[in-house]
$ cat input.cif   # mmCIF, C-alpha atoms
data_structure
#
loop_
_atom_site.label_atom_id
_atom_site.label_comp_id
_atom_site.auth_asym_id
_atom_site.auth_seq_id
_atom_site.Cartn_x
_atom_site.Cartn_y
_atom_site.Cartn_z
CA MET P 530 -24.16 -81.51 16.23
CA ARG P 531 -21.93 -81.98 13.24
CA HIS P 532 -21.85 -85.71 13.90
CA PHE P 533 -25.54 -86.20 13.19
CA PHE P 534 -25.50 -84.67 9.77
CA ARG P 535 -22.14 -85.81 8.61
CA LYS P 536 -21.97 -88.27 5.75
CA LYS P 537 -19.78 -91.37 5.97
CA SER P 538 -16.43 -90.72 7.59
CA SER P 539 -13.39 -90.89 5.33
CA CYS P 540 -12.28 -93.98 7.21
CA GLU P 541 -15.51 -95.78 6.24
CA VAL P 542 -15.10 -94.64 2.65
CA ALA P 543 -11.54 -95.98 2.57
CA LYS P 544 -12.62 -99.35 3.97
CA ASP P 545 -15.44 -99.74 1.45
CA ARG P 546 -13.21 -98.80 -1.45
CA LEU P 547 -10.49 -101.19 -0.34
CA ARG P 548 -12.92 -104.07 0.05
CA ILE P 549 -14.00 -103.82 -3.58
CA LEU P 550 -10.55 -102.98 -4.90
CA LEU P 551 -8.81 -105.91 -3.25
CA ILE P 552 -11.30 -108.42 -4.64
CA SER P 553 -10.51 -107.44 -8.21
CA ASP P 554 -6.79 -107.27 -7.39
CA ARG P 555 -6.78 -110.73 -5.87
CA VAL P 556 -8.59 -112.32 -8.79
CA ASN P 557 -6.08 -110.85 -11.22
CA CYS P 558 -7.75 -112.16 -14.32
CA SER P 559 -6.95 -110.45 -17.60
CA PRO P 560 -9.73 -109.65 -20.08
CA GLU P 561 -8.05 -111.90 -22.66
CA MET P 562 -8.19 -114.84 -20.32
CA MET P 563 -11.85 -114.14 -19.60
CA GLU P 564 -12.51 -114.20 -23.34
CA LEU P 565 -10.76 -117.57 -23.67
CA ILE P 566 -12.76 -119.01 -20.78
CA LYS P 567 -15.92 -117.72 -22.40
CA THR P 568 -15.27 -119.38 -25.77
CA ASP P 569 -14.33 -122.64 -24.07
CA ILE P 570 -17.50 -122.67 -21.98
CA ALA P 571 -19.55 -121.91 -25.10
CA LYS P 572 -17.89 -124.80 -26.92
CA VAL P 573 -18.72 -127.29 -24.17
CA ILE P 574 -22.32 -126.17 -23.59
CA SER P 575 -23.13 -126.08 -27.30
CA LYS P 576 -22.36 -129.81 -27.45
CA TYR P 577 -25.57 -130.38 -25.50
CA MET P 578 -27.87 -127.46 -26.30
CA LYS P 579 -28.22 -124.61 -28.70
CA ILE P 580 -27.06 -121.37 -27.08
CA ASP P 581 -26.85 -117.74 -28.04
CA THR P 582 -23.07 -117.25 -27.95
CA GLY P 583 -23.35 -113.60 -28.90
CA ASN P 584 -25.29 -112.68 -25.78
CA MET P 585 -23.59 -114.85 -23.21
CA ASP P 586 -21.80 -113.16 -20.37
CA ILE P 587 -19.32 -114.33 -17.76
CA GLN P 588 -18.08 -112.37 -14.82
CA ILE P 589 -16.30 -112.74 -11.53
CA SER P 590 -18.29 -111.60 -8.52
CA LYS P 591 -17.52 -111.52 -4.83
CA THR P 592 -20.34 -113.52 -3.33
CA GLY P 593 -18.54 -116.69 -2.33
CA SER P 594 -17.88 -118.36 0.98
CA LEU P 595 -15.24 -117.10 3.40
CA SER P 596 -11.67 -118.02 2.48
CA LYS P 597 -8.70 -118.71 4.71
CA ARG P 598 -7.74 -115.05 4.86
CA GLY P 599 -11.25 -114.04 5.84
CA MET P 600 -12.18 -112.47 2.52
CA ARG P 601 -14.99 -113.68 0.34
CA THR P 602 -13.69 -115.97 -2.35
CA PRO P 603 -14.59 -114.75 -5.80
CA VAL P 604 -17.14 -116.69 -7.84
CA LEU P 605 -17.23 -117.11 -11.57
CA SER P 606 -20.75 -116.86 -12.89
CA ALA P 607 -21.89 -117.29 -16.45
CA SER P 608 -25.23 -116.38 -17.94
CA ILE P 609 -25.86 -118.20 -21.18
CA PRO P 610 -29.10 -117.65 -23.12
CA ILE P 611 -30.42 -120.99 -24.37
CA LEU P 612 -32.07 -121.01 -27.76
CA ASP P 613 -33.10 -124.65 -27.88
CA LEU P 614 -32.97 -126.95 -24.84
CA ASN P 615 -32.98 -130.28 -26.62
CA LYS P 616 -30.46 -130.31 -29.31
CA GLN P 617 -30.95 -133.76 -30.76
CA SER P 618 -29.08 -133.74 -33.96
CA MET U 286 19.35 -121.49 14.65
CA SER U 287 19.31 -118.25 12.74
CA GLU U 288 16.26 -116.56 11.33
CA VAL U 289 16.15 -114.63 8.06
CA ILE U 290 13.54 -111.85 8.04
CA VAL U 291 12.61 -109.77 5.03
CA VAL U 292 11.06 -106.34 5.64
CA THR U 293 8.81 -105.52 2.71
CA SER U 294 5.81 -103.39 1.77
CA GLY U 295 5.32 -103.08 -1.97
CA LYS U 296 4.77 -99.35 -1.83
CA GLY U 297 7.70 -97.04 -1.34
CA GLY U 298 8.05 -94.59 1.51
CA VAL U 299 6.03 -96.43 4.13
CA GLY U 300 8.99 -97.11 6.42
CA LYS U 301 10.73 -100.32 5.34
CA THR U 302 14.21 -98.94 5.87
CA THR U 303 13.32 -97.27 9.17
CA THR U 304 11.74 -100.51 10.35
CA SER U 305 14.73 -102.60 9.23
CA ALA U 306 17.15 -100.27 11.02
CA ASN U 307 15.12 -100.19 14.23
CA VAL U 308 14.28 -103.87 14.40
CA GLY U 309 17.89 -104.77 13.62
CA THR U 310 19.24 -102.39 16.23
CA GLY U 311 16.65 -103.50 18.78
CA LEU U 312 17.52 -107.18 18.34
CA ALA U 313 21.23 -106.35 18.66
CA LYS U 314 20.49 -104.43 21.87
CA ALA U 315 18.75 -107.55 23.14
CA GLY U 316 22.08 -109.32 22.78
CA LYS U 317 21.58 -111.04 19.44
CA LYS U 318 24.05 -111.11 16.59
CA VAL U 319 22.32 -109.30 13.76
CA CYS U 320 23.22 -108.66 10.13
CA LEU U 321 21.27 -106.06 8.19
CA ILE U 322 21.37 -106.40 4.42
CA ASP U 323 20.31 -103.57 2.16
CA THR U 324 18.96 -105.26 -0.97
CA ASP U 325 17.90 -102.05 -2.68
CA ILE U 326 20.60 -101.96 -5.34
CA GLY U 327 20.91 -98.54 -6.96
CA LEU U 328 18.96 -96.73 -4.23
CA ARG U 329 20.67 -97.66 -1.02
CA ASN U 330 19.49 -95.92 2.13
CA LEU U 331 19.90 -98.24 5.07
CA ASP U 332 23.51 -97.02 5.47
CA VAL U 333 22.43 -93.40 6.02
CA VAL U 334 19.59 -94.33 8.36
CA MET U 335 22.13 -96.32 10.40
CA GLY U 336 24.68 -93.49 10.20
CA LEU U 337 27.28 -95.75 8.61
CA GLU U 338 27.55 -94.16 5.17
CA ASN U 339 31.16 -93.06 5.68
CA ARG U 340 32.47 -96.53 6.31
CA ILE U 341 31.44 -98.30 3.13
CA VAL U 342 34.26 -99.90 1.19
CA TYR U 343 32.72 -103.00 -0.36
CA ASN U 344 29.07 -103.81 -0.95
CA LEU U 345 26.64 -106.63 -1.68
CA VAL U 346 27.37 -106.64 -5.43
CA ASP U 347 31.13 -106.92 -4.75
CA VAL U 348 30.42 -109.95 -2.57
CA VAL U 349 28.20 -111.57 -5.19
CA GLU U 350 30.71 -110.94 -7.96
CA GLY U 351 33.55 -112.28 -5.86
CA SER U 352 35.52 -109.00 -5.71
CA CYS U 353 35.73 -109.34 -1.95
CA ARG U 354 35.00 -111.77 0.85
CA VAL U 355 31.69 -111.60 2.71
CA LYS U 356 33.46 -110.45 5.85
CA GLN U 357 35.08 -107.48 4.10
CA ALA U 358 31.71 -106.04 3.10
CA LEU U 359 30.27 -106.18 6.61
CA ILE U 360 30.32 -102.85 8.44
CA ARG U 361 30.26 -102.94 12.19
CA ASP U 362 27.78 -100.65 13.89
CA LYS U 363 29.04 -97.69 15.90
CA ARG U 364 27.24 -98.50 19.12
CA ASN U 365 26.09 -102.08 19.13
CA PRO U 366 28.83 -104.70 19.04
CA GLY U 367 26.64 -107.47 17.65
CA LEU U 368 25.26 -105.46 14.75
CA TYR U 369 26.61 -105.46 11.20
CA LEU U 370 25.44 -103.92 7.95
CA MET U 371 26.00 -105.15 4.44
CA PRO U 372 25.39 -102.14 2.23
CA SER U 373 24.05 -102.32 -1.29
CA ALA U 374 25.71 -100.87 -4.40
CA GLN U 375 24.70 -97.40 -5.45
CA THR U 376 26.00 -97.41 -9.02
CA ARG U 377 24.45 -100.66 -10.24
CA ASP U 378 20.92 -101.85 -10.89
CA LYS U 379 18.77 -104.66 -9.54
CA SER U 380 19.82 -107.13 -12.24
CA ALA U 381 23.37 -107.20 -10.81
CA VAL U 382 22.21 -109.87 -8.33
CA THR U 383 20.07 -112.98 -8.83
CA PRO U 384 17.91 -114.74 -6.22
CA GLY U 385 20.26 -117.73 -6.32
CA GLN U 386 23.26 -115.57 -5.46
CA MET U 387 21.34 -113.95 -2.59
CA VAL U 388 20.53 -117.37 -1.13
CA LYS U 389 24.23 -118.26 -1.26
CA VAL U 390 25.30 -115.09 0.57
CA ILE U 391 22.60 -115.60 3.19
CA GLU U 392 23.58 -119.24 3.73
CA HIS U 393 27.11 -118.03 4.41
CA LEU U 394 25.94 -115.35 6.86
CA LYS U 395 23.64 -117.75 8.71
CA GLU U 396 26.69 -119.41 10.24
CA GLN U 397 27.65 -116.27 12.12
CA PHE U 398 24.40 -114.46 12.88
CA ASP U 399 21.25 -115.07 14.91
CA TYR U 400 19.16 -112.75 12.77
CA ILE U 401 19.57 -111.62 9.19
CA ILE U 402 17.31 -108.74 8.25
CA LEU U 403 16.77 -107.91 4.60
CA ASP U 404 15.60 -104.43 3.67
CA CYS U 405 13.54 -105.01 0.54
CA PRO U 406 13.22 -102.39 -2.22
CA ALA U 407 9.80 -101.03 -3.22
CA GLY U 408 8.05 -102.79 -6.07
CA ILE U 409 7.54 -106.42 -7.00
CA GLU U 410 10.24 -106.85 -9.62
CA GLN U 411 13.65 -108.44 -9.43
CA GLY U 412 14.73 -106.52 -6.33
CA PHE U 413 11.77 -107.99 -4.44
CA GLN U 414 12.48 -111.48 -5.76
CA ASN U 415 16.12 -111.16 -4.63
CA ALA U 416 15.12 -109.99 -1.17
CA ILE U 417 12.60 -112.75 -0.46
CA ALA U 418 14.65 -115.56 -1.99
CA GLY U 419 16.59 -116.47 1.14
CA ALA U 420 14.10 -115.33 3.76
CA ASP U 421 11.97 -117.57 5.95
CA ARG U 422 9.91 -114.90 7.62
CA ALA U 423 8.43 -111.58 6.49
CA LEU U 424 7.50 -108.34 8.18
CA VAL U 425 5.01 -106.50 5.99
CA VAL U 426 5.03 -102.76 6.63
CA THR U 427 2.04 -100.64 5.75
CA THR U 428 0.49 -97.31 6.67
CA PRO U 429 -3.26 -96.85 7.24
CA GLU U 430 -3.74 -95.50 3.71
CA VAL U 431 -5.60 -97.01 0.78
CA SER U 432 -2.59 -97.10 -1.55
CA ALA U 433 -0.22 -98.68 0.97
CA ILE U 434 -2.81 -101.28 2.03
CA ARG U 435 -3.54 -102.21 -1.55
CA ASP U 436 0.16 -102.78 -2.24
CA ALA U 437 0.59 -104.67 1.02
CA ASP U 438 -2.23 -107.00 0.01
CA ARG U 439 -0.50 -107.68 -3.29
CA ILE U 440 2.78 -108.36 -1.48
CA ILE U 441 1.05 -110.72 0.96
CA GLY U 442 -0.41 -112.60 -2.00
CA LEU U 443 3.04 -112.90 -3.59
CA LEU U 444 4.62 -114.03 -0.32
CA GLU U 445 1.90 -116.69 0.06
CA ALA U 446 2.54 -117.81 -3.51
CA ASN U 447 6.24 -118.10 -2.65
CA GLY U 448 5.45 -120.40 0.25
CA PHE U 449 5.94 -118.02 3.18
CA GLN U 450 4.43 -119.45 6.35
CA LYS U 451 5.40 -116.71 8.77
CA MET U 452 4.16 -113.24 7.93
CA ASP U 453 3.50 -110.40 10.33
CA LEU U 454 2.10 -106.96 9.85
CA ILE U 455 3.54 -103.66 11.06
CA ILE U 456 1.24 -100.67 10.83
CA ASN U 457 3.35 -97.56 10.61
CA ARG U 458 2.52 -93.88 11.07
CA LEU U 459 -0.77 -94.36 12.84
CA ARG U 460 -2.30 -91.12 14.06
CA MET U 461 -4.62 -91.80 16.95
CA ASP U 462 -6.18 -88.33 16.82
CA MET U 463 -7.24 -88.93 13.20
CA VAL U 464 -8.53 -92.42 14.01
CA LYS U 465 -10.69 -90.95 16.76
CA ARG U 466 -12.11 -88.41 14.35
CA GLY U 467 -12.94 -91.20 11.89
CA ASP U 468 -10.47 -89.87 9.36
CA MET U 469 -7.98 -92.72 9.49
CA MET U 470 -8.38 -96.48 9.47
CA SER U 471 -7.59 -97.98 12.85
CA ALA U 472 -5.12 -100.81 13.35
CA SER U 473 -7.97 -103.31 13.66
CA ASP U 474 -9.53 -102.05 10.41
CA VAL U 475 -6.24 -102.69 8.61
CA VAL U 476 -5.84 -106.12 10.19
CA ASP U 477 -9.42 -106.99 9.18
CA ILE U 478 -8.71 -106.12 5.58
CA LEU U 479 -5.29 -107.75 5.25
CA ALA U 480 -5.94 -110.74 7.56
CA VAL U 481 -2.32 -111.09 8.65
CA PRO U 482 -1.21 -111.29 12.32
CA LEU U 483 -0.24 -107.92 13.75
CA ILE U 484 3.23 -107.59 15.26
CA GLY U 485 3.46 -103.85 15.78
CA ILE U 486 1.74 -100.49 15.64
CA ILE U 487 4.12 -97.57 15.22
CA PRO U 488 2.61 -94.17 15.98
CA ASP U 489 3.37 -91.25 13.70
CA ASP U 490 6.24 -89.60 15.53
CA GLU U 491 8.45 -86.62 14.72
CA ASN U 492 11.31 -88.29 16.53
CA VAL U 493 11.67 -90.72 13.63
CA VAL U 494 12.72 -87.84 11.39
CA VAL U 495 15.09 -86.54 14.07
CA SER U 496 16.67 -89.95 14.50
CA THR U 497 17.09 -90.36 10.74
CA ASN U 498 18.72 -86.93 10.58
CA GLN U 499 21.21 -88.06 13.18
CA GLY U 500 21.70 -91.53 11.78
CA GLU U 501 20.76 -93.20 15.05
CA PRO U 502 17.80 -95.61 15.18
CA LEU U 503 15.46 -94.60 18.00
CA VAL U 504 14.46 -98.08 19.16
CA GLY U 505 14.40 -98.33 22.93
CA THR U 506 14.42 -94.57 23.51
CA ASN U 507 11.69 -92.91 25.51
CA THR U 508 9.70 -91.81 22.46
CA PRO U 509 6.39 -93.23 21.20
CA ALA U 510 7.99 -94.77 18.10
CA GLY U 511 11.05 -95.89 20.05
CA MET U 512 8.89 -97.79 22.52
CA ALA U 513 6.72 -99.25 19.77
CA TYR U 514 9.79 -100.55 17.92
CA HIS U 515 11.17 -101.97 21.14
CA ASN U 516 7.93 -103.95 21.52
CA VAL U 517 8.14 -105.16 17.93
CA CYS U 518 11.62 -106.54 18.67
CA GLN U 519 10.35 -108.32 21.78
CA ARG U 520 7.59 -109.93 19.73
CA VAL U 521 10.07 -110.94 17.02
CA LEU U 522 12.00 -112.67 19.79
CA GLY U 523 8.82 -114.56 20.66
CA LYS U 524 7.77 -112.69 23.79
CA GLU U 525 4.21 -111.69 24.47
CA VAL U 526 4.02 -107.93 24.85
CA PRO U 527 0.77 -105.96 25.09
CA PHE U 528 0.23 -103.25 22.49
CA LEU U 529 1.01 -99.67 23.53
CA ASN U 530 -1.75 -97.42 24.69
CA MET U 531 -1.93 -95.22 21.63
CA GLU U 532 -3.90 -92.56 23.49
CA LYS U 533 -0.65 -91.37 24.99
CA THR U 534 0.77 -90.68 21.57
CA ILE U 535 -1.71 -87.87 20.96
CA SER U 536 0.13 -84.69 21.76
CA PHE U 537 -1.22 -82.20 24.30
CA TRP U 538 -1.99 -79.53 21.72
CA THR U 539 -3.77 -81.95 19.44
CA ARG U 540 -5.96 -82.83 22.40
CA VAL U 541 -6.71 -79.19 23.18
CA SER U 542 -7.54 -78.38 19.58
CA GLY U 543 -9.61 -81.58 19.45
CA ILE U 544 -11.85 -80.23 22.21
CA PHE U 545 -12.53 -77.11 20.19
CA HIS U 546 -13.07 -79.19 17.10
CA LYS U 547 -16.00 -80.99 18.63
CA VAL U 548 -17.89 -77.88 19.68
#

$ encode --input "input.cif" --output "C-alpha cells"
Amino acid sequence: MRHFFRKKSSCEVAKDRLRILLISDRVNCSPEMMELIKTDIAKVISKYMKIDTGNMDIQISKTGSLSKRGMRTPVLSASIPILDLNKQS
Amino acid sequence: MSEVIVVTSGKGGVGKTTTSANVGTGLAKAGKKVCLIDTDIGLRNLDVVMGLENRIVYNLVDVVEGSCRVKQALIRDKRNPGLYLMPSAQTRDKSAVTPGQMVKVIEHLKEQFDYIILDCPAGIEQGFQNAIAGADRALVVTTPEVSAIRDADRIIGLLEANGFQKMDLIINRLRMDMVKRGDMMSASDVVDILAVPLIGIIPDDENVVVSTNQGEPLVGTNTPAGMAYHNVCQRVLGKEVPFLNMEKTISFWTRVSGIFHKV
C-alpha cells in the first residue's frame, strides 16, 4: 500500500538534482565573465539599435541539442529590451 | 606494449586505493608484470592496503630527486611475483613532484612492466595533475551517491580536457537491496548521468574491510567484491565478461527483512 502514496523515491530525487547540478558545473562560467559578455553584447547591439542596457539579461539555460556525452548542451540566451529599432544617426 | 592506467575519482573515500590494489593484484595474477604507483604524496595508503608497509625503504620522491635508483624504490609483492609497488612519501607534500618528473619515471618503468597503475589522490590539484600526466587510460571510480557522482563528472571533464581517449567507469559500493527499494541509484542510472563506458560494478561488501585489515587484496576470492574485481581485471585485459548478477549479493537476512518491509 505504501507504494501508492509514497512521494518520489530518493533515487529519483538524486537523479533530478544531479541533472540540474551537473549542467551548471559543466558550464563553469563565473559571474564576472557573464558580466563581461553582457557589456560586450550591449556594445555590439547598440551600434545598430537603441537598447535598454540597464534591463538586459543574459543567462545560460539547458535547452540545447544533445551533446556527445548525451547531456543537453547549454545555451546562452540574452533578452535585450529595444528602445528604438531604427537608430539612424 | 605497456599500458599506464590512472585510478581516479575526485572525491575521497570512494575506493580508489582499494580499486588500484585489487586491479593491480588481479592483473598480476593473470600473469602480467604490474607496477603500482602511489601518487598520493603525504597521505600514502596503497602500501597498507597491499600489506607492504614494513618493507618501504625508498619512495617516489627519492626516485624523483635522484636519491635512489628506480629499482631500489620498487617493493616486490609478498604473493605475486610479477607485482611491484612504488610507495609515495609520507613526510612531503604534493609539490615535491612535478608532472614532467612523473612522466620521466613512468617512461623508465614502461620498459619493464606490462601495466603501470597510478593511484591518484583525491582532489583536482597538483597531485591529480601529477597522476594523470603519464597515463594513457583512466578508471574513474564513483559510488552511487550525489557527491561522488558530481566529483566524478568534474574529473571526467578534466580528463577529456587533458586529451584522454580511454576512460572507464567503476561503480563501487552498490547495494542492490537499496536499489530495489528505490533508495539508491542503479548502475544504469549512474552510467546515464556520467555517459562513460562501464567497466565494473563492485557490490558493497564487508569482505573489503576484512581484506584491508589483513593487507591482502581480495580480487579473485570467492566473495562478491572479489569476483567483481576479477571481472574488472578481465575487462581491462580486453576480454568480454558479463556483469555479475547483483541479486546474489543481497544477503539472506536483508532479503528476509525486505519481505517484512513490503507488508

$ interface_residues --input "input.cif" --of "chain P" --to "chain U" --cutoff "8 Å" --atoms "only C-alpha atoms" --output "VMD selection string"
chain P and resid 538 to 541 543 to 544 547 to 548 550 to 551 554 to 555 598 to 600

$ resolve_selection --input "input.cif" --expression "the PyMOL selection byres ((chain U and resi 289) around 8)" --output "MDAnalysis selection string"
chainID U and resid 287:288 290:291 400:403 419:422

$ residues_around --input "input.cif" --residues "Cys518 of chain U" --least-positions-apart "5" --cutoff "12 Å" --atoms "only C-alpha atoms" --output "mmCIF file with C-alpha atoms, in the coordinates of the input"
data_model
loop_
_atom_site.group_PDB
_atom_site.id
_atom_site.type_symbol
_atom_site.label_atom_id
_atom_site.label_comp_id
_atom_site.auth_asym_id
_atom_site.auth_seq_id
_atom_site.Cartn_x
_atom_site.Cartn_y
_atom_site.Cartn_z
ATOM 1 C CA THR U 304 11.740 -100.510 10.350
ATOM 2 C CA SER U 305 14.730 -102.600 9.230
ATOM 3 C CA ALA U 306 17.150 -100.270 11.020
ATOM 4 C CA ASN U 307 15.120 -100.190 14.230
ATOM 5 C CA VAL U 308 14.280 -103.870 14.400
ATOM 6 C CA GLY U 309 17.890 -104.770 13.620
ATOM 7 C CA THR U 310 19.240 -102.390 16.230
ATOM 8 C CA GLY U 311 16.650 -103.500 18.780
ATOM 9 C CA LEU U 312 17.520 -107.180 18.340
ATOM 10 C CA ALA U 313 21.230 -106.350 18.660
ATOM 11 C CA LYS U 314 20.490 -104.430 21.870
ATOM 12 C CA ALA U 315 18.750 -107.550 23.140
ATOM 13 C CA GLY U 316 22.080 -109.320 22.780
ATOM 14 C CA LYS U 317 21.580 -111.040 19.440
ATOM 15 C CA TYR U 400 19.160 -112.750 12.770
ATOM 16 C CA LEU U 424 7.500 -108.340 8.180
ATOM 17 C CA ILE U 455 3.540 -103.660 11.060
ATOM 18 C CA ILE U 484 3.230 -107.590 15.260
ATOM 19 C CA GLY U 485 3.460 -103.850 15.780
ATOM 20 C CA ILE U 486 1.740 -100.490 15.640
ATOM 21 C CA VAL U 504 14.460 -98.080 19.160
ATOM 22 C CA GLY U 505 14.400 -98.330 22.930
ATOM 23 C CA GLY U 511 11.050 -95.890 20.050
ATOM 24 C CA MET U 512 8.890 -97.790 22.520
ATOM 25 C CA ALA U 513 6.720 -99.250 19.770
ATOM 26 C CA GLY U 523 8.820 -114.560 20.660
ATOM 27 C CA LYS U 524 7.770 -112.690 23.790
ATOM 28 C CA GLU U 525 4.210 -111.690 24.470
ATOM 29 C CA VAL U 526 4.020 -107.930 24.850
#

$ closest_residue --input "input.cif" --among "U:Ile440, U:Met371, U:Ala381, U:Ala423" --to "Ile322 of chain U" --atoms "all atoms listed in the file"
U:Met371

$ resolve_selection --input "input.cif" --expression "the PyMOL selection byres ((chain U and resi 390) around 9)" --output "list in words"
Leu345, Val348, Val349, Val355, Gly385, Gln386, Met387, Val388, Lys389, Ile391, Glu392, His393, Leu394, Lys395 and Gly419 of chain U

$ residues_around --input "input.cif" --residues "Asn615 of chain P" --least-positions-apart "6" --cutoff "9 Å" --atoms "all atoms listed in the file" --output "PyMOL selection string"
chain P and resi 577-579

$ write_last_selection --input "input.cif" --atoms "C-alpha atoms" --output "PDB file, in the frame of the given file"
ATOM      1  CA  TYR P 577     -25.570-130.380 -25.500  1.00  0.00           C
ATOM      2  CA  MET P 578     -27.870-127.460 -26.300  1.00  0.00           C
ATOM      3  CA  LYS P 579     -28.220-124.610 -28.700  1.00  0.00           C
TER       4      LYS P 579
END

$ atom_distance --input "input.cif" --atom1 "atom CA of Lys296 of chain U" --atom2 "atom CA of Thr427 of chain U"
8.2 Å

$ resolve_selection --input "input.cif" --expression "the PyMOL selection byres ((chain U and resi 367) around 8)" --output "number ranges by chain"
U: 313, 316-319, 361-362, 365-366, 368-369

$ atom_distance --input "input.cif" --atom1 "atom CA of Ile549 of chain P" --atom2 "atom CA of Ala472 of chain U"
19.4 Å

$ closest_residue --input "input.cif" --among "P:Leu605, P:Ile587, P:Ile580, P:Val542" --to "Glu564 of chain P" --atoms "all atoms listed in the file"
P:Ile587

$ atom_distance --input "input.cif" --atom1 "atom CA of Val299 of chain U" --atom2 "atom CA of Arg329 of chain U"
15.6 Å

$ closest_residue --input "input.cif" --among "P:Lys567, P:Arg546, P:Lys576, P:Lys536" --to "Gln588 of chain P" --atoms "all atoms listed in the file"
P:Lys567

$ axis_aligned_box --input "input.cif" --around "segment 604-610 of chain P" --padding-each-side "6 Å" --output "AutoDock Vina command-line options"
--center_x -23.1 --center_y -117.3 --center_z -15.5 --size_x 24.0 --size_y 13.8 --size_z 27.3

$ residues_near_point --input "input.cif" --point "(30.1, -97.4, 5.5)" --cutoff "9 Å" --atoms "only C-alpha atoms" --output "PyMOL selection string"
chain U and resi 332-333+336-343+359-361+370-372

$ build_atoms --input "input.cif" --residues "segment 517-536 of chain U" --atoms "N, CA and C atoms" --output "mmCIF file, keeping the file's coordinate frame"
data_model
loop_
_atom_site.group_PDB
_atom_site.id
_atom_site.type_symbol
_atom_site.label_atom_id
_atom_site.label_comp_id
_atom_site.auth_asym_id
_atom_site.auth_seq_id
_atom_site.Cartn_x
_atom_site.Cartn_y
_atom_site.Cartn_z
ATOM 1 N N VAL U 517 8.091 -104.309 19.125
ATOM 2 C CA VAL U 517 8.140 -105.160 17.930
ATOM 3 C C VAL U 517 9.291 -106.156 18.071
ATOM 4 N N CYS U 518 10.453 -105.669 18.515
ATOM 5 C CA CYS U 518 11.620 -106.540 18.670
ATOM 6 C C CYS U 518 11.340 -107.655 19.674
ATOM 7 N N GLN U 519 10.684 -107.312 20.776
ATOM 8 C CA GLN U 519 10.350 -108.320 21.780
ATOM 9 C C GLN U 519 9.458 -109.397 21.175
ATOM 10 N N ARG U 520 8.511 -108.971 20.354
ATOM 11 C CA ARG U 520 7.590 -109.930 19.730
ATOM 12 C C ARG U 520 8.316 -110.771 18.687
ATOM 13 N N VAL U 521 9.269 -110.166 17.978
ATOM 14 C CA VAL U 521 10.070 -110.940 17.020
ATOM 15 C C VAL U 521 10.828 -112.034 17.770
ATOM 16 N N LEU U 522 11.272 -111.702 18.961
ATOM 17 C CA LEU U 522 12.000 -112.670 19.790
ATOM 18 C C LEU U 522 11.083 -113.724 20.403
ATOM 19 N N GLY U 523 9.774 -113.551 20.190
ATOM 20 C CA GLY U 523 8.820 -114.560 20.660
ATOM 21 C C GLY U 523 8.180 -114.245 21.993
ATOM 22 N N LYS U 524 8.395 -113.030 22.507
ATOM 23 C CA LYS U 524 7.770 -112.690 23.790
ATOM 24 C C LYS U 524 6.397 -112.076 23.560
ATOM 25 N N GLU U 525 5.545 -112.280 24.542
ATOM 26 C CA GLU U 525 4.210 -111.690 24.470
ATOM 27 C C GLU U 525 4.248 -110.312 25.114
ATOM 28 N N VAL U 526 4.002 -109.284 24.325
ATOM 29 C CA VAL U 526 4.020 -107.930 24.850
ATOM 30 C C VAL U 526 2.702 -107.259 24.479
ATOM 31 N N PRO U 527 2.019 -106.637 25.455
ATOM 32 C CA PRO U 527 0.770 -105.960 25.090
ATOM 33 C C PRO U 527 1.039 -104.754 24.189
ATOM 34 N N PHE U 528 0.060 -104.397 23.375
ATOM 35 C CA PHE U 528 0.230 -103.250 22.490
ATOM 36 C C PHE U 528 0.176 -101.953 23.293
ATOM 37 N N LEU U 529 0.932 -100.961 22.839
ATOM 38 C CA LEU U 529 1.010 -99.670 23.530
ATOM 39 C C LEU U 529 -0.357 -99.009 23.586
ATOM 40 N N ASN U 530 -0.556 -98.248 24.629
ATOM 41 C CA ASN U 530 -1.750 -97.420 24.690
ATOM 42 C C ASN U 530 -1.529 -96.214 23.791
ATOM 43 N N MET U 531 -2.185 -96.243 22.641
ATOM 44 C CA MET U 531 -1.930 -95.220 21.630
ATOM 45 C C MET U 531 -2.448 -93.838 22.037
ATOM 46 N N GLU U 532 -3.359 -93.834 23.019
ATOM 47 C CA GLU U 532 -3.900 -92.560 23.490
ATOM 48 C C GLU U 532 -2.779 -91.597 23.890
ATOM 49 N N LYS U 533 -1.742 -92.198 24.479
ATOM 50 C CA LYS U 533 -0.650 -91.370 24.990
ATOM 51 C C LYS U 533 0.130 -90.703 23.872
ATOM 52 N N THR U 534 -0.022 -91.235 22.659
ATOM 53 C CA THR U 534 0.770 -90.680 21.570
ATOM 54 C C THR U 534 0.123 -89.427 20.969
ATOM 55 N N ILE U 535 -1.102 -89.112 21.433
ATOM 56 C CA ILE U 535 -1.710 -87.870 20.960
ATOM 57 C C ILE U 535 -1.087 -86.730 21.756
ATOM 58 N N SER U 536 -0.559 -85.755 21.052
ATOM 59 C CA SER U 536 0.130 -84.690 21.760
ATOM 60 C C SER U 536 -0.874 -83.791 22.495
#
